[in-house]
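Encoded as C-alpha cells, the structure appears first; notes follow it.
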Amino acid sequence: RAAMPKPPEVIGTLEDARAAVQHCTRCGLCRHATQAVFGEGPADARLMVVGEQPGDQEDLQGRPFVGPAGKVLDEAMQAAGLDRNGAWMTNAVKHFKFTPRGKRRIHQSPDKGEVAACKWWLDLERNFVRPQLTLGLGATAALALTGNGAGITKRRGTVEETATGPVLLSWHPSYILRIPDAGRAAEARAELAEDLSLARRLLA
Ligand code: URA
C-alpha cells in the first residue's frame, strides 16, 4: 500500500478526516484494500448520497462512484436534474471488501460489525456536512443511516426520519447491474431515477 502521511491529531475539518481515515484500523478491511475511499463534494452540500462501499475501481482511484455503478448513478442523477458535483458522495463503509478470484476481485458485502465500525466516519461526515436530505442506496446504507437493516424492497421511494435528518432510500446501482432480467433491470433503473426526482423535489 502507498505510504500515507501522518494522521492529524485532531479532526477539525473534513480534510483532516480524509487524511485520518487512511490510518483507520477500526475493522479488518483496511488490511487488504488499496486505500480508504472518503466522501467528496462541497462541505455545505444540501444532498448527501451514501452507497455501500467502494468497488474495485473506487478502491484503485480513491474516489467514490467512479466505476460501473457510478455510471448508473451518474445517469440517473443527470436524468433527475441533480448535480453530482453539488452533492456529498460517500459510502457507509470506506474500505473495499472482496475475495480474490484469479485476477479479479469479487465484491463482498460488509457485515454488520464492519458497518458499525465504519459508522464512526459516516457520522463524522454527516456532522460536518449536515445535509438537508440524504439518499441511502441499498440495504447497507439504509442500515448505517437508519439503524434498520431490513431489505429495501418495501422501503425504497420512502423517506425515513432519523436523528440526523431525513433519509430517502433507493436501490443500489450495483444491485441494478446484477439483475439478470433485462426488463426488471430497466424497471429498477426507472425506479432509481424516480426516487432521485423525488430527492430533487424535496430539495427545491
Ligand atoms: N458501489 C458503492 O456503493 N459505492 C461506490 O463508491 C461504488 C460502488
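Identifiers for the C-alpha cells are assigned positionally: chains receive A, B, ... in sequence, residues are indexed from 1 per chain, and ligands are indexed from 1 in the order shown.
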Write as a VMD selection string the residues around ligand 1, taking 8 Å as the cut-off and counting only C-alpha atoms and all ligand atoms. chain A and resid 37 50 to 58 63 to 70 90 to 92 137 172 to 174
Could you pull out all residues of stretch 111-171 of chain A with a DSSP call of strand (DSSP E) and give them as a list in words? Leu133, Thr134, Leu135, Gly136, Leu137, Val159, Glu160, Glu161, Thr162, Gly165, Pro166, Val167, Leu168, Leu169 and Ser170 of chain A
Quick one: write out the picked residues with C-alpha atoms as a PDB file, in the first residue's frame?
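This is the output file selection36.pdb:
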ATOM      1  CA  LEU A 133     -31.529  15.336   2.609  1.00  0.00           C
ATOM      2  CA  THR A 134     -29.617  12.058   2.456  1.00  0.00           C
ATOM      3  CA  LEU A 135     -30.089   9.464  -0.233  1.00  0.00           C
ATOM      4  CA  GLY A 136     -29.312   5.969   1.048  1.00  0.00           C
ATOM      5  CA  LEU A 137     -28.614   3.458  -1.723  1.00  0.00           C
ATOM      6  CA  VAL A 159     -38.294   8.979   3.389  1.00  0.00           C
ATOM      7  CA  GLU A 160     -37.335   7.780   6.868  1.00  0.00           C
ATOM      8  CA  GLU A 161     -36.797  10.385   9.568  1.00  0.00           C
ATOM      9  CA  THR A 162     -33.623   9.963  11.626  1.00  0.00           C
ATOM     10  CA  GLY A 165     -32.241  14.248   9.207  1.00  0.00           C
ATOM     11  CA  PRO A 166     -34.472  12.715   6.533  1.00  0.00           C
ATOM     12  CA  VAL A 167     -33.167   9.724   4.588  1.00  0.00           C
ATOM     13  CA  LEU A 168     -34.642   8.769   1.222  1.00  0.00           C
ATOM     14  CA  LEU A 169     -33.969   5.157   0.285  1.00  0.00           C
ATOM     15  CA  SER A 170     -33.474   3.655  -3.154  1.00  0.00           C
TER      16      SER A 170
END
Fewer than 3 positions away in the same chain doesn't count, so skip those; otherwise give me all residues within 12 Å of stretch 198-201 of chain A, counting only C-alpha atoms, as number ranges by chain. A: 46-49, 76-84, 87, 132-136, 156-159, 166-170, 191-195, 204
Can you spit out the residues from that selection as an mmCIF file, in the first residue's frame, using N, CA and C atoms?
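Just written: result.cif:
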data_model
loop_
_atom_site.group_PDB
_atom_site.id
_atom_site.type_symbol
_atom_site.label_atom_id
_atom_site.label_comp_id
_atom_site.auth_asym_id
_atom_site.auth_seq_id
_atom_site.Cartn_x
_atom_site.Cartn_y
_atom_site.Cartn_z
ATOM 1 N N ARG A 46 -26.236 20.215 0.106
ATOM 2 C CA ARG A 46 -27.585 20.018 0.654
ATOM 3 C C ARG A 46 -28.012 18.568 0.535
ATOM 4 N N LEU A 47 -27.376 17.836 -0.381
ATOM 5 C CA LEU A 47 -27.693 16.420 -0.586
ATOM 6 C C LEU A 47 -26.466 15.577 -0.294
ATOM 7 N N MET A 48 -26.661 14.500 0.487
ATOM 8 C CA MET A 48 -25.591 13.531 0.696
ATOM 9 C C MET A 48 -26.051 12.210 0.083
ATOM 10 N N VAL A 49 -25.194 11.586 -0.711
ATOM 11 C CA VAL A 49 -25.513 10.306 -1.321
ATOM 12 C C VAL A 49 -24.620 9.247 -0.680
ATOM 13 N N ALA A 76 -28.614 8.400 -13.698
ATOM 14 C CA ALA A 76 -29.899 8.602 -13.006
ATOM 15 C C ALA A 76 -29.953 10.000 -12.390
ATOM 16 N N MET A 77 -28.834 10.456 -11.849
ATOM 17 C CA MET A 77 -28.810 11.793 -11.241
ATOM 18 C C MET A 77 -29.018 12.852 -12.311
ATOM 19 N N GLN A 78 -28.347 12.660 -13.436
ATOM 20 C CA GLN A 78 -28.489 13.623 -14.529
ATOM 21 C C GLN A 78 -29.928 13.686 -15.016
ATOM 22 N N ALA A 79 -30.528 12.496 -15.186
ATOM 23 C CA ALA A 79 -31.918 12.436 -15.660
ATOM 24 C C ALA A 79 -32.849 13.157 -14.689
ATOM 25 N N ALA A 80 -32.506 13.132 -13.401
ATOM 26 C CA ALA A 80 -33.360 13.758 -12.393
ATOM 27 C C ALA A 80 -33.011 15.238 -12.191
ATOM 28 N N GLY A 81 -31.988 15.708 -12.893
ATOM 29 C CA GLY A 81 -31.598 17.112 -12.751
ATOM 30 C C GLY A 81 -30.826 17.381 -11.471
ATOM 31 N N LEU A 82 -30.165 16.355 -10.952
ATOM 32 C CA LEU A 82 -29.347 16.539 -9.744
ATOM 33 C C LEU A 82 -27.885 16.609 -10.159
ATOM 34 N N ASP A 83 -27.182 17.574 -9.589
ATOM 35 C CA ASP A 83 -25.778 17.768 -9.932
ATOM 36 C C ASP A 83 -24.910 16.963 -8.976
ATOM 37 N N ARG A 84 -24.223 15.966 -9.513
ATOM 38 C CA ARG A 84 -23.363 15.132 -8.681
ATOM 39 C C ARG A 84 -22.304 15.974 -7.966
ATOM 40 N N ALA A 87 -23.292 17.490 -4.665
ATOM 41 C CA ALA A 87 -23.670 16.585 -3.565
ATOM 42 C C ALA A 87 -22.429 16.042 -2.875
ATOM 43 N N GLN A 132 -29.343 18.570 4.005
ATOM 44 C CA GLN A 132 -30.792 18.735 4.173
ATOM 45 C C GLN A 132 -31.491 17.399 3.918
ATOM 46 N N LEU A 133 -30.954 16.640 2.970
ATOM 47 C CA LEU A 133 -31.529 15.336 2.609
ATOM 48 C C LEU A 133 -30.396 14.355 2.328
ATOM 49 N N THR A 134 -30.604 13.101 2.746
ATOM 50 C CA THR A 134 -29.617 12.058 2.456
ATOM 51 C C THR A 134 -30.287 10.977 1.631
ATOM 52 N N LEU A 135 -29.599 10.552 0.596
ATOM 53 C CA LEU A 135 -30.089 9.464 -0.233
ATOM 54 C C LEU A 135 -29.297 8.218 0.146
ATOM 55 N N GLY A 136 -29.962 7.218 0.664
ATOM 56 C CA GLY A 136 -29.312 5.969 1.048
ATOM 57 C C GLY A 136 -29.556 4.923 -0.027
ATOM 58 N N ARG A 156 -37.936 1.408 -0.437
ATOM 59 C CA ARG A 156 -37.418 2.358 -1.427
ATOM 60 C C ARG A 156 -38.513 3.340 -1.866
ATOM 61 N N GLY A 157 -38.062 4.537 -2.169
ATOM 62 C CA GLY A 157 -39.010 5.570 -2.578
ATOM 63 C C GLY A 157 -39.659 6.258 -1.395
ATOM 64 N N THR A 158 -39.269 5.850 -0.186
ATOM 65 C CA THR A 158 -39.848 6.492 1.005
ATOM 66 C C THR A 158 -38.754 7.217 1.784
ATOM 67 N N VAL A 159 -39.202 8.205 2.557
ATOM 68 C CA VAL A 159 -38.294 8.979 3.389
ATOM 69 C C VAL A 159 -38.434 8.506 4.825
ATOM 70 N N PRO A 166 -33.716 13.648 7.371
ATOM 71 C CA PRO A 166 -34.472 12.715 6.533
ATOM 72 C C PRO A 166 -33.579 11.914 5.591
ATOM 73 N N VAL A 167 -33.926 10.630 5.453
ATOM 74 C CA VAL A 167 -33.167 9.724 4.588
ATOM 75 C C VAL A 167 -34.127 9.115 3.574
ATOM 76 N N LEU A 168 -33.859 9.364 2.305
ATOM 77 C CA LEU A 168 -34.642 8.769 1.222
ATOM 78 C C LEU A 168 -33.897 7.526 0.740
ATOM 79 N N LEU A 169 -34.623 6.419 0.648
ATOM 80 C CA LEU A 169 -33.969 5.157 0.285
ATOM 81 C C LEU A 169 -34.253 4.775 -1.168
ATOM 82 N N SER A 170 -33.262 4.158 -1.791
ATOM 83 C CA SER A 170 -33.474 3.655 -3.154
ATOM 84 C C SER A 170 -32.603 2.428 -3.402
ATOM 85 N N GLU A 191 -36.955 3.199 -11.466
ATOM 86 C CA GLU A 191 -37.323 3.469 -10.071
ATOM 87 C C GLU A 191 -36.257 4.313 -9.377
ATOM 88 N N LEU A 192 -35.000 4.024 -9.673
ATOM 89 C CA LEU A 192 -33.912 4.834 -9.105
ATOM 90 C C LEU A 192 -34.053 6.287 -9.579
ATOM 91 N N ALA A 193 -34.320 6.457 -10.884
ATOM 92 C CA ALA A 193 -34.478 7.809 -11.436
ATOM 93 C C ALA A 193 -35.670 8.524 -10.797
ATOM 94 N N GLU A 194 -36.736 7.754 -10.577
ATOM 95 C CA GLU A 194 -37.948 8.290 -9.938
ATOM 96 C C GLU A 194 -37.621 8.772 -8.513
ATOM 97 N N ASP A 195 -36.873 7.961 -7.786
ATOM 98 C CA ASP A 195 -36.510 8.324 -6.407
ATOM 99 C C ASP A 195 -35.606 9.555 -6.395
ATOM 100 N N ALA A 204 -36.070 21.248 -3.452
ATOM 101 C CA ALA A 204 -36.448 22.509 -4.128
ATOM 102 C C ALA A 204 -36.994 23.537 -3.133
#
If we count only C-alpha atoms and set the cut-off at 9 Å, which residues sit around stretch 8-24 of chain A, ignoring sequence neighbours fewer than 4 positions away in its own chain? Please answer as a tab-separated table (two decimals) with C-alpha atoms, in the first residue's frame.
chain	number	residue	atom	x	y	z
A	4	MET	CA	0.22	7.68	3.83
A	30	CYS	CA	-8.01	-1.92	5.96
A	35	GLN	CA	-6.78	2.71	0.38
A	36	ALA	CA	-9.75	4.13	2.21
A	37	VAL	CA	-12.20	6.00	0.00
A	38	PHE	CA	-13.57	9.02	1.81
A	39	GLY	CA	-16.53	11.09	0.67
A	43	ALA	CA	-18.72	20.74	2.61
A	94	LYS	CA	-14.80	3.23	3.44
A	121	TRP	CA	-16.69	8.01	9.85
A	124	LEU	CA	-18.42	12.45	11.26
A	125	GLU	CA	-19.15	13.30	7.62
A	128	PHE	CA	-19.62	18.30	9.14
A	129	VAL	CA	-21.86	18.41	6.08
Counting only C-alpha atoms, which of A:Ser109, A:Asn127, A:Thr34, A:Thr164 gets nearest to A:Leu145? A:Thr164
Restricting to only C-alpha atoms, whichever of A:Gly62, A:Gly102, A:Gly28, A:Pro131 is closest to A:Ala117 is A:Gly28
Run DSSP on the backbone and tell me which residues of stretch 10-173 of chain A come out as helix (DSSP H, G or I); list them as a VMD selection string. chain A and resid 14 to 23 28 to 31 56 to 61 68 to 79 84 to 86 112 to 129 138 to 146 173
Hey, can you spit out that residue selection with C-alpha atoms as a compact mmCIF listing (two decimals), in the first residue's frame?
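selection.txt, freshly written:
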# COMPACT_ATOMS: atom_id res chain seq x y z
CA LEU A 14 -13.40 17.13 6.52
CA GLU A 15 -9.89 17.31 5.08
CA ASP A 16 -8.46 16.19 8.44
CA ALA A 17 -10.92 13.30 8.38
CA ARG A 18 -9.91 12.41 4.82
CA ALA A 19 -6.28 12.13 5.97
CA ALA A 20 -7.10 10.31 9.20
CA VAL A 21 -9.30 7.65 7.62
CA GLN A 22 -6.26 6.31 5.77
CA HIS A 23 -4.95 5.14 9.14
CA GLY A 28 -10.10 -5.68 9.41
CA LEU A 29 -10.95 -4.34 5.95
CA CYS A 30 -8.01 -1.92 5.96
CA ARG A 31 -5.64 -4.89 5.67
CA ASP A 56 -12.78 -2.27 -7.46
CA GLN A 57 -12.32 0.98 -9.41
CA GLU A 58 -13.07 3.19 -6.42
CA ASP A 59 -10.50 1.28 -4.36
CA LEU A 60 -7.85 1.88 -7.03
CA GLN A 61 -8.72 5.50 -7.78
CA PRO A 68 -19.74 0.95 -13.41
CA ALA A 69 -22.16 1.56 -10.51
CA GLY A 70 -21.11 5.20 -10.51
CA LYS A 71 -22.02 5.42 -14.18
CA VAL A 72 -25.53 4.12 -13.48
CA LEU A 73 -25.86 6.58 -10.62
CA ASP A 74 -24.50 9.50 -12.68
CA GLU A 75 -27.00 8.81 -15.45
CA ALA A 76 -29.90 8.60 -13.01
CA MET A 77 -28.81 11.79 -11.24
CA GLN A 78 -28.49 13.62 -14.53
CA ALA A 79 -31.92 12.44 -15.66
CA ARG A 84 -23.36 15.13 -8.68
CA ASN A 85 -20.73 17.81 -8.08
CA GLY A 86 -23.11 19.64 -5.79
CA LYS A 112 -22.88 -5.70 10.50
CA GLY A 113 -19.72 -5.28 12.58
CA GLU A 114 -17.87 -3.59 9.73
CA VAL A 115 -20.81 -1.29 9.06
CA ALA A 116 -21.00 -0.42 12.77
CA ALA A 117 -17.24 0.22 12.97
CA CYS A 118 -17.30 2.50 9.92
CA LYS A 119 -20.36 4.40 11.09
CA TRP A 120 -17.92 6.49 13.13
CA TRP A 121 -16.69 8.01 9.85
CA LEU A 122 -20.12 8.37 8.31
CA ASP A 123 -21.41 10.15 11.41
CA LEU A 124 -18.42 12.45 11.26
CA GLU A 125 -19.15 13.30 7.62
CA ARG A 126 -22.82 13.88 8.50
CA ASN A 127 -21.85 16.19 11.35
CA PHE A 128 -19.62 18.30 9.14
CA VAL A 129 -21.86 18.41 6.08
CA GLY A 138 -29.20 -0.18 -0.82
CA ALA A 139 -29.65 -2.07 2.45
CA THR A 140 -26.15 -1.43 3.82
CA ALA A 141 -26.50 2.34 3.53
CA ALA A 142 -30.02 2.04 4.96
CA LEU A 143 -28.66 0.13 7.96
CA ALA A 144 -25.88 2.64 8.59
CA LEU A 145 -28.18 5.65 8.23
CA THR A 146 -31.33 4.45 9.99
CA PRO A 173 -26.86 0.91 -8.58
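If only C-alpha atoms are the atoms counted, then among A:His107, A:Arg26, A:Pro5, A:Trp88 the closest residue to A:Arg178 is A:His107.
Pairwise distance (atom CA of A:Ala33, atom CA of A:Phe98) equals 8.4 Å.
The interatomic distance for the pair atom CA of A:Arg130 and atom CA of A:Pro7 works out to 23.8 Å.
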